[in-house]
Amino acid sequence: MSKTTLTQFTPSRRAVLAGLAASPFALAAGSHFAMAQPTSGTLSIGILDWAETGIKPVFAAYEAARPGVKIDYSILPGDGPGLRQALLSRRLANKLPDITYLADIFATQFANAQVTADMRPFLTSGGPITMTSLAKPFLDQYLVTSGPNKDGIFGLPIGADTVVLYYNKKHFDDAGIPYPNDDWTFEKQIEVATQLTQKNGNVTTRYGLAASVPWHATYVPGIEAFGDTLLDDKNMYKLQTEAAIKVFTMYWDQVKAGIIASSPQQTQLGGGYQAFGAGTVSMLQSVRALTPLIRSVTTDDWDVALEPKINGVRKTGMGSIAQAITPQGMANNQELAYDYLNWFYSEDGGMKILAAGYGTVPPVEALYNSPIWTELPGPPYDNRVFAESIQYGAMNPTSIPADVQVVVDTELAKAEEAVVLNNVPVADALKAAEAVINEAMARVMAAGG
């Protein structure tokens, strides 16, 4: 969701992050509002620090819709290690809020630590939000697949975020190049990116494409497009496969050529959205959550397109943040928590307010074509891209422990530096990364993580 990694909490992630046709949902929502509504009580919610500005209007609207009810929110760290420490500490002190924010990488860890409660009772409670309301690819990110909480759902996605291609229309027009379309392949994207790249000698002054390569939303879809998986049947990383080497090679070759701005280059340019806004990159692979920031800094006209096909297959990265009721919330404030969540995911409730800011695609399937986000003034103009891309989503395996993901991010960044700056062969760099990552994986698994 950075770079907007959908499971990495880097500063750019924190800056960014602030699911087809009409269905019976509207009727269900109507029946919800006919039900008895709470008239008193306080609901405590822990939110990530970067989300405060965007969520405060949601809280205010809920309080207005439920006179006598109050939202008491607290701030949680927006970085992964900080969030983990804060919630685990609050759990030990029995001071968890009724509802807490989390990210996909923490689903299993927080479930096992009793930070979050199984959301199936809520989804089967008879309210308008049910097991089939939320987009399955995103809901599945919070499905625990092993251990004592196997088959439980320990989070509800707040937005349906998939990677799409942002492109600067002026750069295309000036070069006389047709805009990206649904038939684009990775090779076509690189061909166009090469044409759009500008250099002063050997120094790139405008990159044709910005793509964060050591980000699961880049390499997982690529590996799957080549018919392989990131993990083996023992849940260990396999980065020395033909598919993995092909994916990293095809991106890193272009980073070395100065055509693709990967994470370090984007950082030097002030971040991916700043570089796109300033016109120092012509295309940017990122997520819907980036849209408000791109709108705020970009003067050239722009739009979005589906990610290109790789090996004849369209796959796109995906991920999310979520909210979940805590065990304390289930025990002490269940009725109010259920009411808030049903209101939050309604077309006239929280979804409408969040979508109005351009930053989210509602993760509610009945709202994929809702005017609350599809009819916002452009750019972007081709909003069907955000909903259509969901069917091509390839998510980071939910079995990866959060502590291991930190190691993965670090080691793949080191591998990129070795390849791009020191000309280390891709296979060798990935082999070194794999060894460290799997050592961490084995250690965490042995400890019961």
# chains A, B, ... in the order shown; residues from 1 in each chain; ligands from 1
call {"tool": "select_by_dssp", "arguments": {"residues": "segment 215-385 of chain A", "states": "helix (DSSP H, G or I)", "output": "PyMOL selection string"}}
result
chain A and resi 216-225+242-256+263-268+272-278+288-297+327-332+334-344+350-356+365-367+371-374+384-385
call {"tool": "select_by_dssp", "arguments": {"residues": "segment 142-273 of chain A", "states": "strand (DSSP E)", "output": "PyMOL selection string"}}
result
chain A and resi 156-157+161-168+198-200+203-206+209-210+260-261
call {"tool": "residues_around", "arguments": {"residues": "segment 237-243 of chain A", "least_positions_apart": "2", "cutoff": "9 Å", "atoms": "only C-alpha atoms", "output": "count of residues only"}}
result
27
call {"tool": "residues_around", "arguments": {"residues": "Met330 of chain A", "least_positions_apart": "5", "cutoff": "8 Å", "atoms": "only C-alpha atoms", "output": "MDAnalysis selection string"}}
result
chainID A and resid 98 117 325 337
call {"tool": "atom_distance", "arguments": {"atom1": "atom CA of Lys136 of chain A", "atom2": "atom CA of Gln114 of chain A"}}
result
23.6 Å
call {"tool": "atom_distance", "arguments": {"atom1": "atom CA of Ser296 of chain A", "atom2": "atom CA of Ala210 of chain A"}}
result
18.6 Å
call {"tool": "residues_around", "arguments": {"residues": "segment 129-134 of chain A", "least_positions_apart": "3", "cutoff": "10 Å", "atoms": "only C-alpha atoms", "output": "mmCIF file with all heavy atoms, in the first residue's frame"}}
result
data_model
loop_
_atom_site.group_PDB
_atom_site.id
_atom_site.type_symbol
_atom_site.label_atom_id
_atom_site.label_comp_id
_atom_site.auth_asym_id
_atom_site.auth_seq_id
_atom_site.Cartn_x
_atom_site.Cartn_y
_atom_site.Cartn_z
ATOM 1 N N GLY A 19 -14.618 -4.112 -2.722
ATOM 2 C CA GLY A 19 -13.992 -3.875 -3.280
ATOM 3 C C GLY A 19 -14.228 -3.733 -4.558
ATOM 4 O O GLY A 19 -13.439 -3.831 -4.722
ATOM 5 N N PHE A 25 -27.073 -5.499 -1.947
ATOM 6 C CA PHE A 25 -26.460 -4.877 -0.768
ATOM 7 C C PHE A 25 -27.202 -3.616 -0.346
ATOM 8 O O PHE A 25 -27.363 -3.332 0.834
ATOM 9 C CB PHE A 25 -25.002 -4.526 -1.050
ATOM 10 C CG PHE A 25 -24.344 -3.786 0.084
ATOM 11 C CD1 PHE A 25 -23.909 -4.471 1.203
ATOM 12 C CD2 PHE A 25 -24.200 -2.412 0.053
ATOM 13 C CE1 PHE A 25 -23.319 -3.796 2.254
ATOM 14 C CE2 PHE A 25 -23.613 -1.738 1.097
ATOM 15 C CZ PHE A 25 -23.177 -2.433 2.197
ATOM 16 N N ALA A 28 -29.985 -4.487 1.774
ATOM 17 C CA ALA A 28 -29.517 -4.949 3.083
ATOM 18 C C ALA A 28 -29.098 -3.771 3.939
ATOM 19 O O ALA A 28 -29.377 -3.719 5.130
ATOM 20 C CB ALA A 28 -28.358 -5.920 2.906
ATOM 21 N N ALA A 29 -28.402 -2.810 3.295
ATOM 22 C CA ALA A 29 -27.979 -1.640 4.044
ATOM 23 C C ALA A 29 -29.192 -0.887 4.571
ATOM 24 O O ALA A 29 -29.209 -0.391 5.691
ATOM 25 C CB ALA A 29 -27.124 -0.738 3.159
ATOM 26 N N HIS A 32 -30.519 -2.444 7.583
ATOM 27 C CA HIS A 32 -29.668 -2.184 8.755
ATOM 28 C C HIS A 32 -30.082 -0.904 9.451
ATOM 29 O O HIS A 32 -30.202 -0.840 10.671
ATOM 30 C CB HIS A 32 -28.207 -2.093 8.303
ATOM 31 C CG HIS A 32 -27.306 -1.468 9.330
ATOM 32 N ND1 HIS A 32 -27.114 -2.014 10.578
ATOM 33 C CD2 HIS A 32 -26.569 -0.338 9.293
ATOM 34 C CE1 HIS A 32 -26.274 -1.260 11.264
ATOM 35 N NE2 HIS A 32 -25.943 -0.226 10.494
ATOM 36 N N MET A 119 -13.196 -12.552 13.225
ATOM 37 C CA MET A 119 -14.280 -11.712 12.759
ATOM 38 C C MET A 119 -15.444 -12.503 12.170
ATOM 39 O O MET A 119 -16.449 -11.920 11.746
ATOM 40 C CB MET A 119 -13.756 -10.712 11.727
ATOM 41 C CG MET A 119 -12.693 -9.757 12.275
ATOM 42 S SD MET A 119 -13.247 -8.843 13.741
ATOM 43 C CE MET A 119 -14.599 -7.906 13.038
ATOM 44 N N ARG A 120 -15.352 -13.827 12.141
ATOM 45 C CA ARG A 120 -16.461 -14.620 11.599
ATOM 46 C C ARG A 120 -17.765 -14.423 12.378
ATOM 47 O O ARG A 120 -18.836 -14.352 11.760
ATOM 48 C CB ARG A 120 -16.079 -16.098 11.540
ATOM 49 C CG ARG A 120 -15.094 -16.430 10.431
ATOM 50 C CD ARG A 120 -14.706 -17.890 10.443
ATOM 51 N NE ARG A 120 -14.035 -18.257 11.694
ATOM 52 C CZ ARG A 120 -13.634 -19.484 11.990
ATOM 53 N NH1 ARG A 120 -13.857 -20.466 11.136
ATOM 54 N NH2 ARG A 120 -13.019 -19.741 13.135
ATOM 55 N N PRO A 121 -17.732 -14.319 13.715
ATOM 56 C CA PRO A 121 -18.998 -14.055 14.414
ATOM 57 C C PRO A 121 -19.670 -12.764 13.958
ATOM 58 O O PRO A 121 -20.898 -12.711 13.836
ATOM 59 C CB PRO A 121 -18.574 -13.982 15.881
ATOM 60 C CG PRO A 121 -17.372 -14.860 15.961
ATOM 61 C CD PRO A 121 -16.641 -14.623 14.671
ATOM 62 N N PHE A 122 -18.881 -11.725 13.695
ATOM 63 C CA PHE A 122 -19.461 -10.485 13.171
ATOM 64 C C PHE A 122 -20.048 -10.702 11.787
ATOM 65 O O PHE A 122 -21.170 -10.270 11.486
ATOM 66 C CB PHE A 122 -18.410 -9.375 13.123
ATOM 67 C CG PHE A 122 -18.806 -8.210 12.256
ATOM 68 C CD1 PHE A 122 -19.803 -7.327 12.667
ATOM 69 C CD2 PHE A 122 -18.196 -8.001 11.020
ATOM 70 C CE1 PHE A 122 -20.184 -6.263 11.853
ATOM 71 C CE2 PHE A 122 -18.571 -6.934 10.212
ATOM 72 C CZ PHE A 122 -19.569 -6.060 10.630
ATOM 73 N N LEU A 123 -19.289 -11.382 10.917
ATOM 74 C CA LEU A 123 -19.718 -11.573 9.531
ATOM 75 C C LEU A 123 -20.908 -12.506 9.401
ATOM 76 O O LEU A 123 -21.533 -12.564 8.336
ATOM 77 C CB LEU A 123 -18.540 -12.086 8.697
ATOM 78 C CG LEU A 123 -17.362 -11.113 8.547
ATOM 79 C CD1 LEU A 123 -16.159 -11.816 7.919
ATOM 80 C CD2 LEU A 123 -17.763 -9.895 7.726
ATOM 81 N N THR A 124 -21.232 -13.238 10.454
ATOM 82 C CA THR A 124 -22.386 -14.145 10.428
ATOM 83 C C THR A 124 -23.447 -13.738 11.447
ATOM 84 O O THR A 124 -24.291 -14.545 11.831
ATOM 85 C CB THR A 124 -21.942 -15.599 10.702
ATOM 86 O OG1 THR A 124 -21.267 -15.659 11.970
ATOM 87 C CG2 THR A 124 -20.997 -16.098 9.620
ATOM 88 N N SER A 125 -23.416 -12.481 11.861
ATOM 89 C CA SER A 125 -24.296 -12.019 12.941
ATOM 90 C C SER A 125 -25.668 -11.575 12.453
ATOM 91 O O SER A 125 -26.508 -11.198 13.267
ATOM 92 C CB SER A 125 -23.629 -10.868 13.696
ATOM 93 O OG SER A 125 -23.441 -9.748 12.833
ATOM 94 N N GLY A 126 -25.903 -11.594 11.151
ATOM 95 C CA GLY A 126 -27.192 -11.180 10.623
ATOM 96 C C GLY A 126 -27.243 -9.748 10.158
ATOM 97 O O GLY A 126 -28.290 -9.272 9.692
ATOM 98 N N PRO A 137 -10.358 -11.589 -2.338
ATOM 99 C CA PRO A 137 -8.884 -11.551 -2.344
ATOM 100 C C PRO A 137 -8.295 -10.770 -1.173
ATOM 101 O O PRO A 137 -7.226 -11.109 -0.674
ATOM 102 C CB PRO A 137 -8.564 -10.867 -3.682
ATOM 103 C CG PRO A 137 -9.748 -11.145 -4.534
ATOM 104 C CD PRO A 137 -10.916 -11.098 -3.600
ATOM 105 N N PHE A 138 -9.011 -9.727 -0.734
ATOM 106 C CA PHE A 138 -8.502 -8.917 0.369
ATOM 107 C C PHE A 138 -8.889 -9.504 1.717
ATOM 108 O O PHE A 138 -8.103 -9.462 2.660
ATOM 109 C CB PHE A 138 -8.994 -7.474 0.225
ATOM 110 C CG PHE A 138 -8.418 -6.796 -0.979
ATOM 111 C CD1 PHE A 138 -9.082 -6.826 -2.194
ATOM 112 C CD2 PHE A 138 -7.184 -6.179 -0.924
ATOM 113 C CE1 PHE A 138 -8.545 -6.236 -3.316
ATOM 114 C CE2 PHE A 138 -6.628 -5.587 -2.041
ATOM 115 C CZ PHE A 138 -7.314 -5.612 -3.245
ATOM 116 N N LEU A 139 -10.094 -10.049 1.803
ATOM 117 C CA LEU A 139 -10.492 -10.705 3.047
ATOM 118 C C LEU A 139 -9.584 -11.895 3.330
ATOM 119 O O LEU A 139 -9.227 -12.161 4.488
ATOM 120 C CB LEU A 139 -11.944 -11.164 2.949
ATOM 121 C CG LEU A 139 -12.604 -11.631 4.251
ATOM 122 C CD1 LEU A 139 -12.658 -10.498 5.276
ATOM 123 C CD2 LEU A 139 -14.010 -12.163 3.972
ATOM 124 N N ASP A 140 -9.167 -12.593 2.276
ATOM 125 C CA ASP A 140 -8.297 -13.762 2.446
ATOM 126 C C ASP A 140 -6.935 -13.406 3.023
ATOM 127 O O ASP A 140 -6.234 -14.278 3.540
ATOM 128 C CB ASP A 140 -8.108 -14.479 1.113
ATOM 129 C CG ASP A 140 -9.305 -15.352 0.745
ATOM 130 O OD1 ASP A 140 -10.208 -15.499 1.581
ATOM 131 O OD2 ASP A 140 -9.327 -15.876 -0.391
ATOM 132 N N ILE A 153 -10.828 -15.523 10.552
ATOM 133 C CA ILE A 153 -10.598 -14.288 9.804
ATOM 134 C C ILE A 153 -10.320 -13.191 10.818
ATOM 135 O O ILE A 153 -11.207 -12.814 11.595
ATOM 136 C CB ILE A 153 -11.812 -13.930 8.930
ATOM 137 C CG1 ILE A 153 -12.043 -15.025 7.885
ATOM 138 C CG2 ILE A 153 -11.619 -12.577 8.250
ATOM 139 C CD1 ILE A 153 -13.337 -14.869 7.112
ATOM 140 N N LEU A 156 -10.647 -7.063 8.805
ATOM 141 C CA LEU A 156 -11.526 -6.669 7.708
ATOM 142 C C LEU A 156 -10.829 -5.566 6.922
ATOM 143 O O LEU A 156 -10.515 -4.508 7.486
ATOM 144 C CB LEU A 156 -12.859 -6.147 8.249
ATOM 145 C CG LEU A 156 -13.649 -7.081 9.176
ATOM 146 C CD1 LEU A 156 -14.905 -6.377 9.669
ATOM 147 C CD2 LEU A 156 -13.988 -8.389 8.476
ATOM 148 N N PRO A 157 -10.566 -5.783 5.632
ATOM 149 C CA PRO A 157 -9.830 -4.781 4.853
ATOM 150 C C PRO A 157 -10.570 -3.453 4.803
ATOM 151 O O PRO A 157 -11.799 -3.409 4.711
ATOM 152 C CB PRO A 157 -9.728 -5.422 3.469
ATOM 153 C CG PRO A 157 -10.850 -6.402 3.408
ATOM 154 C CD PRO A 157 -11.001 -6.921 4.811
ATOM 155 N N ILE A 158 -9.806 -2.380 4.866
ATOM 156 C CA ILE A 158 -10.383 -1.032 4.814
ATOM 157 C C ILE A 158 -10.459 -0.525 3.385
ATOM 158 O O ILE A 158 -11.325 0.266 3.038
ATOM 159 C CB ILE A 158 -9.574 -0.081 5.715
ATOM 160 C CG1 ILE A 158 -9.793 -0.464 7.186
ATOM 161 C CG2 ILE A 158 -9.939 1.372 5.480
ATOM 162 C CD1 ILE A 158 -8.946 0.319 8.164
ATOM 163 N N GLY A 159 -9.541 -0.970 2.537
ATOM 164 C CA GLY A 159 -9.559 -0.574 1.136
ATOM 165 C C GLY A 159 -9.102 -1.713 0.259
ATOM 166 O O GLY A 159 -8.408 -2.619 0.716
ATOM 167 N N ALA A 160 -9.527 -1.691 -1.006
ATOM 168 C CA ALA A 160 -9.114 -2.710 -1.971
ATOM 169 C C ALA A 160 -7.995 -2.127 -2.813
ATOM 170 O O ALA A 160 -8.237 -1.433 -3.803
ATOM 171 C CB ALA A 160 -10.293 -3.118 -2.850
ATOM 172 N N TYR A 338 -20.055 -3.903 16.473
ATOM 173 C CA TYR A 338 -20.766 -4.443 15.302
ATOM 174 C C TYR A 338 -21.492 -3.329 14.553
ATOM 175 O O TYR A 338 -21.473 -3.263 13.319
ATOM 176 C CB TYR A 338 -21.776 -5.500 15.729
ATOM 177 C CG TYR A 338 -21.212 -6.878 15.992
ATOM 178 C CD1 TYR A 338 -19.860 -7.078 16.256
ATOM 179 C CD2 TYR A 338 -22.045 -7.988 15.983
ATOM 180 C CE1 TYR A 338 -19.367 -8.343 16.517
ATOM 181 C CE2 TYR A 338 -21.560 -9.275 16.237
ATOM 182 C CZ TYR A 338 -20.217 -9.443 16.506
ATOM 183 O OH TYR A 338 -19.731 -10.702 16.756
ATOM 184 N N LEU A 341 -19.005 -1.137 12.548
ATOM 185 C CA LEU A 341 -18.459 -1.786 11.355
ATOM 186 C C LEU A 341 -19.512 -1.911 10.260
ATOM 187 O O LEU A 341 -19.202 -1.715 9.071
ATOM 188 C CB LEU A 341 -17.884 -3.153 11.718
ATOM 189 C CG LEU A 341 -16.634 -3.121 12.601
ATOM 190 C CD1 LEU A 341 -16.213 -4.538 12.980
ATOM 191 C CD2 LEU A 341 -15.475 -2.402 11.899
ATOM 192 N N ASN A 342 -20.741 -2.234 10.621
ATOM 193 C CA ASN A 342 -21.798 -2.281 9.609
ATOM 194 C C ASN A 342 -22.005 -0.910 8.972
ATOM 195 O O ASN A 342 -22.181 -0.797 7.752
ATOM 196 C CB ASN A 342 -23.107 -2.790 10.223
ATOM 197 C CG ASN A 342 -23.143 -4.303 10.329
ATOM 198 O OD1 ASN A 342 -22.786 -5.010 9.394
ATOM 199 N ND2 ASN A 342 -23.594 -4.812 11.473
ATOM 200 N N TRP A 343 -21.965 0.137 9.778
ATOM 201 C CA TRP A 343 -22.086 1.497 9.249
ATOM 202 C C TRP A 343 -20.856 1.864 8.421
ATOM 203 O O TRP A 343 -20.977 2.461 7.349
ATOM 204 C CB TRP A 343 -22.250 2.477 10.412
ATOM 205 C CG TRP A 343 -22.254 3.924 9.977
ATOM 206 C CD1 TRP A 343 -23.345 4.653 9.604
ATOM 207 C CD2 TRP A 343 -21.127 4.797 9.878
ATOM 208 N NE1 TRP A 343 -22.963 5.941 9.262
ATOM 209 C CE2 TRP A 343 -21.596 6.046 9.421
ATOM 210 C CE3 TRP A 343 -19.762 4.652 10.119
ATOM 211 C CZ2 TRP A 343 -20.764 7.139 9.208
ATOM 212 C CZ3 TRP A 343 -18.918 5.740 9.905
ATOM 213 C CH2 TRP A 343 -19.420 6.969 9.461
ATOM 214 N N PHE A 344 -19.689 1.499 8.893
ATOM 215 C CA PHE A 344 -18.445 1.870 8.218
ATOM 216 C C PHE A 344 -18.417 1.366 6.776
ATOM 217 O O PHE A 344 -17.997 2.078 5.864
ATOM 218 C CB PHE A 344 -17.254 1.287 8.998
ATOM 219 C CG PHE A 344 -15.910 1.607 8.394
ATOM 220 C CD1 PHE A 344 -15.217 2.742 8.774
ATOM 221 C CD2 PHE A 344 -15.333 0.769 7.440
ATOM 222 C CE1 PHE A 344 -13.979 3.039 8.216
ATOM 223 C CE2 PHE A 344 -14.100 1.054 6.890
ATOM 224 C CZ PHE A 344 -13.417 2.199 7.273
ATOM 225 N N TYR A 345 -18.877 0.124 6.554
ATOM 226 C CA TYR A 345 -18.786 -0.469 5.219
ATOM 227 C C TYR A 345 -20.007 -0.187 4.351
ATOM 228 O O TYR A 345 -20.118 -0.735 3.253
ATOM 229 C CB TYR A 345 -18.555 -1.979 5.336
ATOM 230 C CG TYR A 345 -17.159 -2.304 5.826
ATOM 231 C CD1 TYR A 345 -16.936 -2.710 7.143
ATOM 232 C CD2 TYR A 345 -16.061 -2.164 4.987
ATOM 233 C CE1 TYR A 345 -15.660 -2.980 7.603
ATOM 234 C CE2 TYR A 345 -14.783 -2.429 5.443
ATOM 235 C CZ TYR A 345 -14.589 -2.835 6.751
ATOM 236 O OH TYR A 345 -13.304 -3.099 7.195
ATOM 237 N N SER A 346 -20.908 0.682 4.793
ATOM 238 C CA SER A 346 -22.087 1.005 4.001
ATOM 239 C C SER A 346 -21.783 2.115 3.002
ATOM 240 O O SER A 346 -20.872 2.925 3.192
ATOM 241 C CB SER A 346 -23.241 1.430 4.911
ATOM 242 O OG SER A 346 -22.996 2.699 5.490
ATOM 243 N N PRO A 362 -13.590 1.060 -2.257
ATOM 244 C CA PRO A 362 -14.273 0.291 -1.218
ATOM 245 C C PRO A 362 -14.047 -1.206 -1.390
ATOM 246 O O PRO A 362 -14.177 -1.726 -2.504
ATOM 247 C CB PRO A 362 -15.751 0.660 -1.422
ATOM 248 C CG PRO A 362 -15.710 2.007 -2.057
ATOM 249 C CD PRO A 362 -14.508 1.977 -2.952
ATOM 250 N N PRO A 363 -13.698 -1.921 -0.320
ATOM 251 C CA PRO A 363 -13.480 -3.362 -0.427
ATOM 252 C C PRO A 363 -14.783 -4.146 -0.425
ATOM 253 O O PRO A 363 -14.770 -5.361 -0.292
ATOM 254 C CB PRO A 363 -12.654 -3.669 0.824
ATOM 255 C CG PRO A 363 -13.145 -2.678 1.829
ATOM 256 C CD PRO A 363 -13.433 -1.424 1.040
ATOM 257 N N VAL A 364 -15.907 -3.441 -0.557
ATOM 258 C CA VAL A 364 -17.231 -4.058 -0.599
ATOM 259 C C VAL A 364 -17.587 -4.304 -2.066
ATOM 260 O O VAL A 364 -17.665 -3.364 -2.855
ATOM 261 C CB VAL A 364 -18.287 -3.146 0.061
ATOM 262 C CG1 VAL A 364 -19.660 -3.818 0.046
ATOM 263 C CG2 VAL A 364 -17.869 -2.791 1.483
ATOM 264 N N GLU A 365 -17.819 -5.564 -2.442
ATOM 265 C CA GLU A 365 -18.025 -5.888 -3.847
ATOM 266 C C GLU A 365 -19.202 -5.129 -4.448
ATOM 267 O O GLU A 365 -19.162 -4.732 -5.611
ATOM 268 C CB GLU A 365 -18.211 -7.398 -4.022
ATOM 269 C CG GLU A 365 -16.937 -8.187 -3.788
ATOM 270 C CD GLU A 365 -17.025 -9.609 -4.317
ATOM 271 O OE1 GLU A 365 -18.089 -9.974 -4.847
ATOM 272 O OE2 GLU A 365 -16.035 -10.333 -4.208
ATOM 273 N N ALA A 366 -20.249 -4.908 -3.683
ATOM 274 C CA ALA A 366 -21.415 -4.207 -4.198
ATOM 275 C C ALA A 366 -21.125 -2.755 -4.534
ATOM 276 O O ALA A 366 -21.921 -2.103 -5.206
ATOM 277 C CB ALA A 366 -22.552 -4.279 -3.184
ATOM 278 N N LEU A 367 -19.987 -2.236 -4.077
ATOM 279 C CA LEU A 367 -19.650 -0.832 -4.314
ATOM 280 C C LEU A 367 -18.582 -0.654 -5.386
ATOM 281 O O LEU A 367 -18.081 0.454 -5.569
ATOM 282 C CB LEU A 367 -19.186 -0.179 -2.998
ATOM 283 C CG LEU A 367 -20.178 -0.229 -1.836
ATOM 284 C CD1 LEU A 367 -19.617 0.515 -0.633
ATOM 285 C CD2 LEU A 367 -21.528 0.340 -2.236
#
call {"tool": "residues_around", "arguments": {"residues": "Val424 of chain A", "least_positions_apart": "5", "cutoff": "12 Å", "atoms": "only C-alpha atoms", "output": "list in words"}}
result
Thr249, Trp252, Asp253, Lys256, Lys414, Ala415, Glu416, Glu417, Ala418, Val419, Ala429, Leu430, Lys431 and Ala432 of chain A
call {"tool": "write_last_selection", "arguments": {"atoms": "all heavy atoms", "output": "CSV table (one decimal), in the first residue's frame"}}
result
chain,number,residue,atom,x,y,z
A,249,THR,N,15.8,-10.1,-12.8
A,249,THR,CA,16.7,-9.7,-13.8
A,249,THR,C,16.0,-8.7,-14.8
A,249,THR,O,16.6,-7.7,-15.1
A,249,THR,CB,17.1,-10.9,-14.7
A,249,THR,OG1,17.9,-11.8,-13.8
A,249,THR,CG2,18.0,-10.5,-15.8
A,252,TRP,N,15.9,-5.4,-12.8
A,252,TRP,CA,17.1,-4.8,-12.4
A,252,TRP,C,18.0,-4.4,-13.6
A,252,TRP,O,18.8,-3.5,-13.6
A,252,TRP,CB,17.9,-5.7,-11.5
A,252,TRP,CG,17.4,-5.7,-10.1
A,252,TRP,CD1,16.7,-4.6,-9.5
A,252,TRP,CD2,17.5,-6.7,-9.1
A,252,TRP,NE1,16.4,-4.9,-8.2
A,252,TRP,CE2,16.9,-6.2,-7.9
A,252,TRP,CE3,18.1,-7.9,-9.0
A,252,TRP,CZ2,16.8,-6.9,-6.7
A,252,TRP,CZ3,18.1,-8.6,-7.8
A,252,TRP,CH2,17.4,-8.1,-6.7
A,253,ASP,N,17.8,-5.1,-14.8
A,253,ASP,CA,18.5,-4.7,-16.0
A,253,ASP,C,18.1,-3.3,-16.4
A,253,ASP,O,19.0,-2.5,-16.8
A,253,ASP,CB,18.2,-5.6,-17.1
A,253,ASP,CG,19.0,-6.9,-17.1
A,253,ASP,OD1,19.9,-7.0,-16.3
A,253,ASP,OD2,18.7,-7.8,-18.0
A,256,LYS,N,19.7,-0.7,-13.9
A,256,LYS,CA,21.1,-0.5,-14.2
A,256,LYS,C,21.2,0.4,-15.5
A,256,LYS,O,22.1,1.2,-15.6
A,256,LYS,CB,21.8,-1.8,-14.5
A,256,LYS,CG,21.9,-2.7,-13.3
A,256,LYS,CD,22.4,-4.1,-13.6
A,256,LYS,CE,23.9,-4.1,-14.1
A,256,LYS,NZ,24.4,-5.4,-14.3
A,414,LYS,N,19.4,-5.2,-0.2
A,414,LYS,CA,20.9,-5.4,-0.3
A,414,LYS,C,21.2,-6.1,-1.6
A,414,LYS,O,22.2,-5.8,-2.3
A,414,LYS,CB,21.4,-6.3,0.9
A,414,LYS,CG,21.4,-5.6,2.2
A,414,LYS,CD,21.9,-6.6,3.3
A,414,LYS,CE,21.9,-6.0,4.7
A,414,LYS,NZ,22.3,-7.0,5.7
A,415,ALA,N,20.4,-7.1,-2.0
A,415,ALA,CA,20.6,-7.8,-3.3
A,415,ALA,C,20.5,-6.8,-4.5
A,415,ALA,O,21.3,-6.8,-5.4
A,415,ALA,CB,19.6,-8.9,-3.5
A,416,GLU,N,19.6,-5.9,-4.4
A,416,GLU,CA,19.4,-4.9,-5.5
A,416,GLU,C,20.7,-4.0,-5.6
A,416,GLU,O,21.2,-3.7,-6.7
A,416,GLU,CB,18.2,-4.0,-5.3
A,416,GLU,CG,18.0,-2.9,-6.3
A,416,GLU,CD,16.7,-2.2,-6.2
A,416,GLU,OE1,16.7,-1.3,-5.3
A,416,GLU,OE2,15.8,-2.5,-6.9
A,417,GLU,N,21.2,-3.6,-4.4
A,417,GLU,CA,22.4,-2.8,-4.4
A,417,GLU,C,23.6,-3.5,-5.0
A,417,GLU,O,24.4,-3.0,-5.7
A,417,GLU,CB,22.7,-2.3,-3.0
A,417,GLU,CG,23.9,-1.4,-2.8
A,417,GLU,CD,24.1,-0.9,-1.4
A,417,GLU,OE1,23.2,-1.0,-0.6
A,417,GLU,OE2,25.3,-0.5,-1.1
A,418,ALA,N,23.7,-4.8,-4.6
A,418,ALA,CA,24.8,-5.6,-5.1
A,418,ALA,C,24.7,-5.8,-6.6
A,418,ALA,O,25.8,-5.7,-7.3
A,418,ALA,CB,24.8,-7.0,-4.4
A,419,VAL,N,23.5,-6.0,-7.1
A,419,VAL,CA,23.4,-6.1,-8.6
A,419,VAL,C,23.6,-4.8,-9.3
A,419,VAL,O,24.4,-4.8,-10.3
A,419,VAL,CB,22.0,-6.7,-8.9
A,419,VAL,CG1,21.7,-6.7,-10.4
A,419,VAL,CG2,21.9,-8.1,-8.4
A,429,ALA,N,23.2,-12.8,-6.1
A,429,ALA,CA,22.6,-11.9,-5.1
A,429,ALA,C,21.4,-12.5,-4.4
A,429,ALA,O,21.2,-12.4,-3.2
A,429,ALA,CB,22.3,-10.6,-5.7
A,430,LEU,N,20.6,-13.2,-5.3
A,430,LEU,CA,19.4,-13.8,-4.7
A,430,LEU,C,19.7,-15.0,-3.8
A,430,LEU,O,19.0,-15.3,-2.8
A,430,LEU,CB,18.4,-14.2,-5.9
A,430,LEU,CG,17.8,-13.1,-6.6
A,430,LEU,CD1,16.9,-13.7,-7.8
A,430,LEU,CD2,16.9,-12.2,-5.7
A,431,LYS,N,20.7,-15.7,-4.2
A,431,LYS,CA,21.2,-16.9,-3.4
A,431,LYS,C,21.6,-16.4,-2.0
A,431,LYS,O,21.2,-17.0,-1.0
A,431,LYS,CB,22.3,-17.6,-4.0
A,431,LYS,CG,22.8,-18.8,-3.3
A,431,LYS,CD,23.9,-19.5,-4.0
A,431,LYS,CE,24.4,-20.8,-3.3
A,431,LYS,NZ,25.5,-21.5,-4.0
A,432,ALA,N,22.3,-15.3,-1.9
A,432,ALA,CA,22.7,-14.8,-0.6
A,432,ALA,C,21.5,-14.3,0.2
A,432,ALA,O,21.4,-14.5,1.4
A,432,ALA,CB,23.7,-13.6,-0.8
call {"tool": "residues_around", "arguments": {"residues": "Tyr167 of chain A", "least_positions_apart": "4", "cutoff": "8 Å", "atoms": "only C-alpha atoms", "output": "list in words"}}
result
Ser282, Met283, Leu284, Trp302, Asp303, Val304 and Ala305 of chain A
